[in-house]
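Input: a single structure, listed below in structure tokens.
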Amino acid sequence: MTAVLLIAGTDSSGGAGLTRDVATLTHFGVAALSAVTAVTAQTDREVTMVELLPPRLVRAQIDAALAGATVRAIKTGMLGSRAIVEAVAAGLPPRARVPLVLDPVLAASAGTELLDSPGRAALCALLLPRATLLTPNIPEAARLLGAPPAASSAEIVAQGRALCALGPTAVLMKGGHAAGAVATDWLICGEGEVREFSSARSARERRGTGCALAAAIAAGLAGGLALEAACARAKEHVTALLQAPA
């Protein structure tokens with residue numbers, strides 16, 4: 001069976017993190033392997049405790065997963081520290097062999113910081129050049145660049161291009177934090193064409209949609225879809241998730 005390696009933290013509420021990732025892969029009929037980076041205690045409203053795993057244990061999980069199955073894609077979420085970022089980077093196979101979808105989880109929905117400044121610097125230096133796709137929302141893109149949040153579609157695309165210059169093959173700028181009746185994500189590949197994926201903006205908020213989007217893209221890449229097709233299918237999946245009953 002097609003497999004994706006998930007490298008992320010747990011969420012005791014089940015709304016995000018590895019629980020959401022595994023549910024997404026199951027929806028698409030893709031096997032999930034996991035390397036846990038952190039255990040978090042969360043409710044629907046707040047993070048009450050975070051415990052990072054030892055970097056050597058994170059690396060051992062990655063090595064074991066890659067040794068025991070044919071991994072067709074890798075998706076990262078919460079990494080938590082510079083040391084864990086370094087351990088993950090050291091354990092990844094080359095981008096040309098296995099695509100990497102990097103969801104830069106910098107803070108929880110409630111605002112709790114989940115990756116500090118040294119960790120962000122390591123993420124930019126070590127993992128962005130390895131990533132096939134980076135999937136930041138507007139606040140995450142701004143923090144990675146050390147810039148104010150983008151306030152227009154032109155600024156969003158410009159920040160996406162600036163992130164592409166740091167090494168990922170492509171950047172999917174998520175527009176969930178933007179205003180307007182339409183929610184648009186922008187797929188940016190360096191200086192090339194920009195592809196937009198749009199849907200009616202949901203009045204409802206749901207935790208874990210960023211996790212679901214990145215995991216769904218990884219599932220598509222693992223199944224042989226081209227990047228654009230994988231992003232389009234993932235956008236449809238998240239739109240349906242937002243419309244589903246709670």
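A note on labels: chains of the structure tokens are A, B, ... as shown, every chain counts residues from 1, and ligands are counted from 1 in their shown order.
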Test item: residues at most 6 Å from Val30 of chain A, only C-alpha atoms, excluding those fewer than 4 positions along its chain, as JSON, numbers by chain: {"A": [2, 3, 25, 26]}
Quick one: everything within 7 Å of segment 128-139 of chain A, counting only C-alpha atoms, minus sequence neighbours fewer than 2 positions away in the same chain. Send it as JSON, numbers by chain. {"A": [95, 99, 100, 101, 102, 103, 104, 123, 124, 125, 126, 141, 142, 143, 149, 150, 166, 167, 168, 169, 170, 171, 172, 173, 174, 175, 177, 214]}
Expressed in Å to a single decimal, how great is the separation between atom CA of Gly224 of chain A and atom CA of Glu86 of chain A? 28.6 Å
Residues near His27 of chain A, cut-off 10 Å, only C-alpha atoms, skip fewer than 3 positions along chain, as a VMD selection string: chain A and resid 21 to 24 30 216 219 237
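Ranking A:Pro148, A:Gly80, A:Pro93, A:Gly160 by their shortest atom-to-atom distance to Gly119 of chain A, with only C-alpha atoms included, puts A:Gly80 first.
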Between A:Leu114, A:Ala240, A:Ala147, A:Ala35, which is the closest to Leu18 of chain A once you count only C-alpha atoms?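 Nearest candidate to Leu18 of chain A out of A:Leu114, A:Ala240, A:Ala147, A:Ala35: A:Ala35.
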DSSP on the backbone: which residues in chain A end up as alpha helix (DSSP H)? Give the answer as an MDAnalysis selection string. chainID A and resid 17:27 55:68 82:91 117:122 138:145 153:164 209:222 227:243
Using DSSP assignments from the backbone, pull out every residue in segment 19-241 of chain A that falls under strand (DSSP E) and give it to me as a PDB file with N, CA and C atoms, in the first residue's frame.
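Saved as states-v6.pdb:
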```pdb
ATOM      1  N   ALA A  31      -1.613   4.604   3.536  1.00  0.00           N
ATOM      2  CA  ALA A  31      -1.102   4.155   4.831  1.00  0.00           C
ATOM      3  C   ALA A  31      -0.293   5.258   5.501  1.00  0.00           C
ATOM      4  N   ALA A  32      -0.378   5.317   6.823  1.00  0.00           N
ATOM      5  CA  ALA A  32       0.333   6.338   7.589  1.00  0.00           C
ATOM      6  C   ALA A  32       1.408   5.709   8.454  1.00  0.00           C
ATOM      7  N   LEU A  33       2.631   6.219   8.307  1.00  0.00           N
ATOM      8  CA  LEU A  33       3.715   5.922   9.233  1.00  0.00           C
ATOM      9  C   LEU A  33       3.963   7.194  10.027  1.00  0.00           C
ATOM     10  N   SER A  34       4.464   7.075  11.249  1.00  0.00           N
ATOM     11  CA  SER A  34       4.591   8.289  12.046  1.00  0.00           C
ATOM     12  C   SER A  34       5.893   8.349  12.826  1.00  0.00           C
ATOM     13  N   ALA A  35       6.385   9.582  12.971  1.00  0.00           N
ATOM     14  CA  ALA A  35       7.485   9.903  13.871  1.00  0.00           C
ATOM     15  C   ALA A  35       6.982  11.039  14.749  1.00  0.00           C
ATOM     16  N   VAL A  36       6.766  10.770  16.026  1.00  0.00           N
ATOM     17  CA  VAL A  36       6.198  11.752  16.943  1.00  0.00           C
ATOM     18  C   VAL A  36       7.293  12.694  17.424  1.00  0.00           C
ATOM     19  N   ALA A  38       6.389  15.607  19.457  1.00  0.00           N
ATOM     20  CA  ALA A  38       5.957  16.233  20.701  1.00  0.00           C
ATOM     21  C   ALA A  38       4.609  15.669  21.111  1.00  0.00           C
ATOM     22  N   VAL A  39       4.375  15.686  22.412  1.00  0.00           N
ATOM     23  CA  VAL A  39       3.065  15.330  22.961  1.00  0.00           C
ATOM     24  C   VAL A  39       2.478  16.602  23.551  1.00  0.00           C
ATOM     25  N   THR A  40       1.283  16.957  23.117  1.00  0.00           N
ATOM     26  CA  THR A  40       0.647  18.172  23.626  1.00  0.00           C
ATOM     27  C   THR A  40      -0.663  17.837  24.318  1.00  0.00           C
ATOM     28  N   ALA A  41      -0.973  18.613  25.344  1.00  0.00           N
ATOM     29  CA  ALA A  41      -2.289  18.562  25.978  1.00  0.00           C
ATOM     30  C   ALA A  41      -3.056  19.784  25.494  1.00  0.00           C
ATOM     31  N   GLN A  42      -4.158  19.550  24.790  1.00  0.00           N
ATOM     32  CA  GLN A  42      -4.925  20.636  24.198  1.00  0.00           C
ATOM     33  C   GLN A  42      -6.418  20.408  24.384  1.00  0.00           C
ATOM     34  N   VAL A  47      -3.745  25.345  24.452  1.00  0.00           N
ATOM     35  CA  VAL A  47      -2.714  24.350  24.709  1.00  0.00           C
ATOM     36  C   VAL A  47      -2.323  24.476  26.172  1.00  0.00           C
ATOM     37  N   THR A  48      -2.445  23.399  26.937  1.00  0.00           N
ATOM     38  CA  THR A  48      -2.154  23.473  28.365  1.00  0.00           C
ATOM     39  C   THR A  48      -0.784  22.912  28.728  1.00  0.00           C
ATOM     40  N   MET A  49      -0.202  22.088  27.862  1.00  0.00           N
ATOM     41  CA  MET A  49       1.128  21.548  28.150  1.00  0.00           C
ATOM     42  C   MET A  49       1.745  20.989  26.866  1.00  0.00           C
ATOM     43  N   VAL A  50       3.058  21.142  26.737  1.00  0.00           N
ATOM     44  CA  VAL A  50       3.800  20.601  25.594  1.00  0.00           C
ATOM     45  C   VAL A  50       5.046  19.901  26.112  1.00  0.00           C
ATOM     46  N   GLU A  51       5.273  18.685  25.672  1.00  0.00           N
ATOM     47  CA  GLU A  51       6.482  17.950  26.026  1.00  0.00           C
ATOM     48  C   GLU A  51       7.150  17.487  24.728  1.00  0.00           C
ATOM     49  N   LEU A  52       8.340  18.020  24.444  1.00  0.00           N
ATOM     50  CA  LEU A  52       9.069  17.624  23.237  1.00  0.00           C
ATOM     51  C   LEU A  52       9.780  16.299  23.470  1.00  0.00           C
ATOM     52  N   VAL A  71       8.145   4.473   1.488  1.00  0.00           N
ATOM     53  CA  VAL A  71       7.517   5.760   1.745  1.00  0.00           C
ATOM     54  C   VAL A  71       7.508   6.564   0.449  1.00  0.00           C
ATOM     55  N   ARG A  72       6.314   6.996   0.031  1.00  0.00           N
ATOM     56  CA  ARG A  72       6.159   7.726  -1.222  1.00  0.00           C
ATOM     57  C   ARG A  72       6.107   9.240  -1.034  1.00  0.00           C
ATOM     58  N   ALA A  73       5.905   9.688   0.187  1.00  0.00           N
ATOM     59  CA  ALA A  73       5.905  11.121   0.489  1.00  0.00           C
ATOM     60  C   ALA A  73       6.097  11.288   1.988  1.00  0.00           C
ATOM     61  N   ILE A  74       6.559  12.471   2.379  1.00  0.00           N
ATOM     62  CA  ILE A  74       6.759  12.801   3.786  1.00  0.00           C
ATOM     63  C   ILE A  74       6.053  14.121   4.061  1.00  0.00           C
ATOM     64  N   LYS A  75       5.394  14.203   5.210  1.00  0.00           N
ATOM     65  CA  LYS A  75       4.727  15.441   5.613  1.00  0.00           C
ATOM     66  C   LYS A  75       5.172  15.800   7.020  1.00  0.00           C
ATOM     67  N   THR A  76       5.655  17.019   7.219  1.00  0.00           N
ATOM     68  CA  THR A  76       6.032  17.457   8.555  1.00  0.00           C
ATOM     69  C   THR A  76       5.040  18.482   9.073  1.00  0.00           C
ATOM     70  N   LEU A 100       8.625  16.078  -0.088  1.00  0.00           N
ATOM     71  CA  LEU A 100       8.360  16.531   1.273  1.00  0.00           C
ATOM     72  C   LEU A 100       7.371  17.692   1.244  1.00  0.00           C
ATOM     73  N   VAL A 101       6.269  17.541   1.965  1.00  0.00           N
ATOM     74  CA  VAL A 101       5.313  18.624   2.179  1.00  0.00           C
ATOM     75  C   VAL A 101       5.573  19.173   3.581  1.00  0.00           C
ATOM     76  N   LEU A 102       5.984  20.425   3.664  1.00  0.00           N
ATOM     77  CA  LEU A 102       6.389  21.037   4.928  1.00  0.00           C
ATOM     78  C   LEU A 102       5.322  22.025   5.379  1.00  0.00           C
ATOM     79  N   LEU A 133       7.130  21.194  -1.218  1.00  0.00           N
ATOM     80  CA  LEU A 133       6.075  22.198  -1.066  1.00  0.00           C
ATOM     81  C   LEU A 133       6.070  22.705   0.369  1.00  0.00           C
ATOM     82  N   LEU A 134       6.052  24.025   0.524  1.00  0.00           N
ATOM     83  CA  LEU A 134       5.875  24.686   1.809  1.00  0.00           C
ATOM     84  C   LEU A 134       4.452  25.228   1.854  1.00  0.00           C
ATOM     85  N   ALA A 170       8.161  24.698  -4.427  1.00  0.00           N
ATOM     86  CA  ALA A 170       6.956  25.509  -4.569  1.00  0.00           C
ATOM     87  C   ALA A 170       6.444  25.899  -3.189  1.00  0.00           C
ATOM     88  N   VAL A 171       5.607  26.927  -3.167  1.00  0.00           N
ATOM     89  CA  VAL A 171       4.974  27.402  -1.936  1.00  0.00           C
ATOM     90  C   VAL A 171       3.480  27.530  -2.184  1.00  0.00           C
ATOM     91  N   LEU A 172       2.685  26.988  -1.274  1.00  0.00           N
ATOM     92  CA  LEU A 172       1.236  27.170  -1.325  1.00  0.00           C
ATOM     93  C   LEU A 172       0.876  28.136  -0.199  1.00  0.00           C
ATOM     94  N   MET A 173       0.592  29.384  -0.583  1.00  0.00           N
ATOM     95  CA  MET A 173       0.215  30.413   0.387  1.00  0.00           C
ATOM     96  C   MET A 173      -1.272  30.271   0.685  1.00  0.00           C
ATOM     97  N   VAL A 182     -14.434  35.037  -0.607  1.00  0.00           N
ATOM     98  CA  VAL A 182     -13.779  33.918  -1.278  1.00  0.00           C
ATOM     99  C   VAL A 182     -12.460  33.611  -0.584  1.00  0.00           C
ATOM    100  N   ALA A 183     -12.237  32.342  -0.292  1.00  0.00           N
ATOM    101  CA  ALA A 183     -10.976  31.897   0.308  1.00  0.00           C
ATOM    102  C   ALA A 183     -10.082  31.354  -0.799  1.00  0.00           C
ATOM    103  N   THR A 184      -8.950  31.991  -1.015  1.00  0.00           N
ATOM    104  CA  THR A 184      -8.053  31.619  -2.110  1.00  0.00           C
ATOM    105  C   THR A 184      -6.703  31.188  -1.552  1.00  0.00           C
ATOM    106  N   ASP A 185      -6.161  30.104  -2.109  1.00  0.00           N
ATOM    107  CA  ASP A 185      -4.789  29.682  -1.857  1.00  0.00           C
ATOM    108  C   ASP A 185      -4.008  29.884  -3.153  1.00  0.00           C
ATOM    109  N   TRP A 186      -2.736  30.285  -3.028  1.00  0.00           N
ATOM    110  CA  TRP A 186      -1.907  30.584  -4.191  1.00  0.00           C
ATOM    111  C   TRP A 186      -0.746  29.596  -4.256  1.00  0.00           C
ATOM    112  N   LEU A 187      -0.649  28.854  -5.358  1.00  0.00           N
ATOM    113  CA  LEU A 187       0.477  27.947  -5.581  1.00  0.00           C
ATOM    114  C   LEU A 187       1.514  28.675  -6.416  1.00  0.00           C
ATOM    115  N   ILE A 188       2.708  28.846  -5.840  1.00  0.00           N
ATOM    116  CA  ILE A 188       3.754  29.662  -6.455  1.00  0.00           C
ATOM    117  C   ILE A 188       4.994  28.794  -6.643  1.00  0.00           C
ATOM    118  N   VAL A 194       1.514  31.513 -11.366  1.00  0.00           N
ATOM    119  CA  VAL A 194       0.828  31.346 -10.092  1.00  0.00           C
ATOM    120  C   VAL A 194      -0.538  30.719 -10.353  1.00  0.00           C
ATOM    121  N   ARG A 195      -0.840  29.652  -9.651  1.00  0.00           N
ATOM    122  CA  ARG A 195      -2.143  28.983  -9.787  1.00  0.00           C
ATOM    123  C   ARG A 195      -2.976  29.276  -8.546  1.00  0.00           C
ATOM    124  N   GLU A 196      -4.222  29.671  -8.737  1.00  0.00           N
ATOM    125  CA  GLU A 196      -5.108  29.978  -7.618  1.00  0.00           C
ATOM    126  C   GLU A 196      -6.137  28.869  -7.436  1.00  0.00           C
ATOM    127  N   PHE A 197      -6.413  28.554  -6.170  1.00  0.00           N
ATOM    128  CA  PHE A 197      -7.454  27.597  -5.807  1.00  0.00           C
ATOM    129  C   PHE A 197      -8.421  28.334  -4.884  1.00  0.00           C
ATOM    130  N   SER A 198      -9.667  28.472  -5.306  1.00  0.00           N
ATOM    131  CA  SER A 198     -10.619  29.285  -4.552  1.00  0.00           C
ATOM    132  C   SER A 198     -11.878  28.516  -4.215  1.00  0.00           C
ATOM    133  N   SER A 199     -12.492  28.923  -3.114  1.00  0.00           N
ATOM    134  CA  SER A 199     -13.785  28.384  -2.708  1.00  0.00           C
ATOM    135  C   SER A 199     -14.504  29.458  -1.905  1.00  0.00           C
ATOM    136  N   ALA A 200     -15.800  29.303  -1.747  1.00  0.00           N
ATOM    137  CA  ALA A 200     -16.538  30.232  -0.897  1.00  0.00           C
ATOM    138  C   ALA A 200     -16.002  30.128   0.529  1.00  0.00           C
TER     139      ALA A 200
END
```
Do a neighbour search on Arg120 of chain A at 8 Å with only C-alpha atoms, toss out local chain neighbours closer than 3 positions, and write the hits as a PyMOL selection string. chain A and resi 82+106+115-117+123-124+144
Can those selected residues be exported to a file as an mmCIF file, in the first residue's frame so that it contains C-alpha atoms?
```
data_model
loop_
_atom_site.group_PDB
_atom_site.id
_atom_site.type_symbol
_atom_site.label_atom_id
_atom_site.label_comp_id
_atom_site.auth_asym_id
_atom_site.auth_seq_id
_atom_site.Cartn_x
_atom_site.Cartn_y
_atom_site.Cartn_z
ATOM 1 C CA ARG A 82 15.971 23.664 16.665
ATOM 2 C CA LEU A 106 4.809 27.892 14.323
ATOM 3 C CA LEU A 115 8.519 26.695 17.365
ATOM 4 C CA ASP A 116 10.853 29.348 18.762
ATOM 5 C CA SER A 117 13.158 31.712 16.881
ATOM 6 C CA LEU A 123 13.654 25.352 9.537
ATOM 7 C CA CYS A 124 14.544 27.987 6.936
ATOM 8 C CA LEU A 144 9.396 33.075 8.396
#
```
What's the separation between atom CA of Ala87 of chain A and atom CA of Gly146 of chain A, in Å to one decimal place?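 Spanning atom CA of Ala87 of chain A to atom CA of Gly146 of chain A is a straight-line distance of 24.3 Å.
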When you count only C-alpha atoms, which of these residues is closest to Ile84 of chain A: A:Leu127, A:Val98, A:Ala230, A:Ala162?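 Closest to Ile84 of chain A of all the choices is A:Leu127.
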One number please: atom CA of Glu191 of chain A to atom CA of Ala229 of chain A, in Å, one decimal.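 That distance, rounded to one decimal, is 19.6 Å.
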Selection near Arg56 of chain A, 10 Å with only C-alpha atoms, sequence-local residues under 3 positions removed, as a ChimeraX atom specification: /A:53,59-62,83-84,87-88
I'd like a table as a tab-separated table: residues in segment 76-140 of chain A with an atom no more than 9 Å from segment 9-15 of chain A, each row giving the shortest atom pair and its distance in Å to one decimal, only C-alpha atoms counted, sorted by chain and rising residue number.
```
residue	atom	partner	partner_atom	distance
A:Gly77	CA	A:Gly9	CA	7.1
A:Met78	CA	A:Gly9	CA	5.4
A:Leu79	CA	A:Gly9	CA	7.2
A:Gly80	CA	A:Gly9	CA	8.5
```
Measuring atom to atom with only C-alpha atoms, identify which of A:Gly29, A:Ala107, A:Pro55, A:Ala65 is nearest to Ala90 of chain A.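 Smallest distance to Ala90 of chain A is found for A:Pro55.
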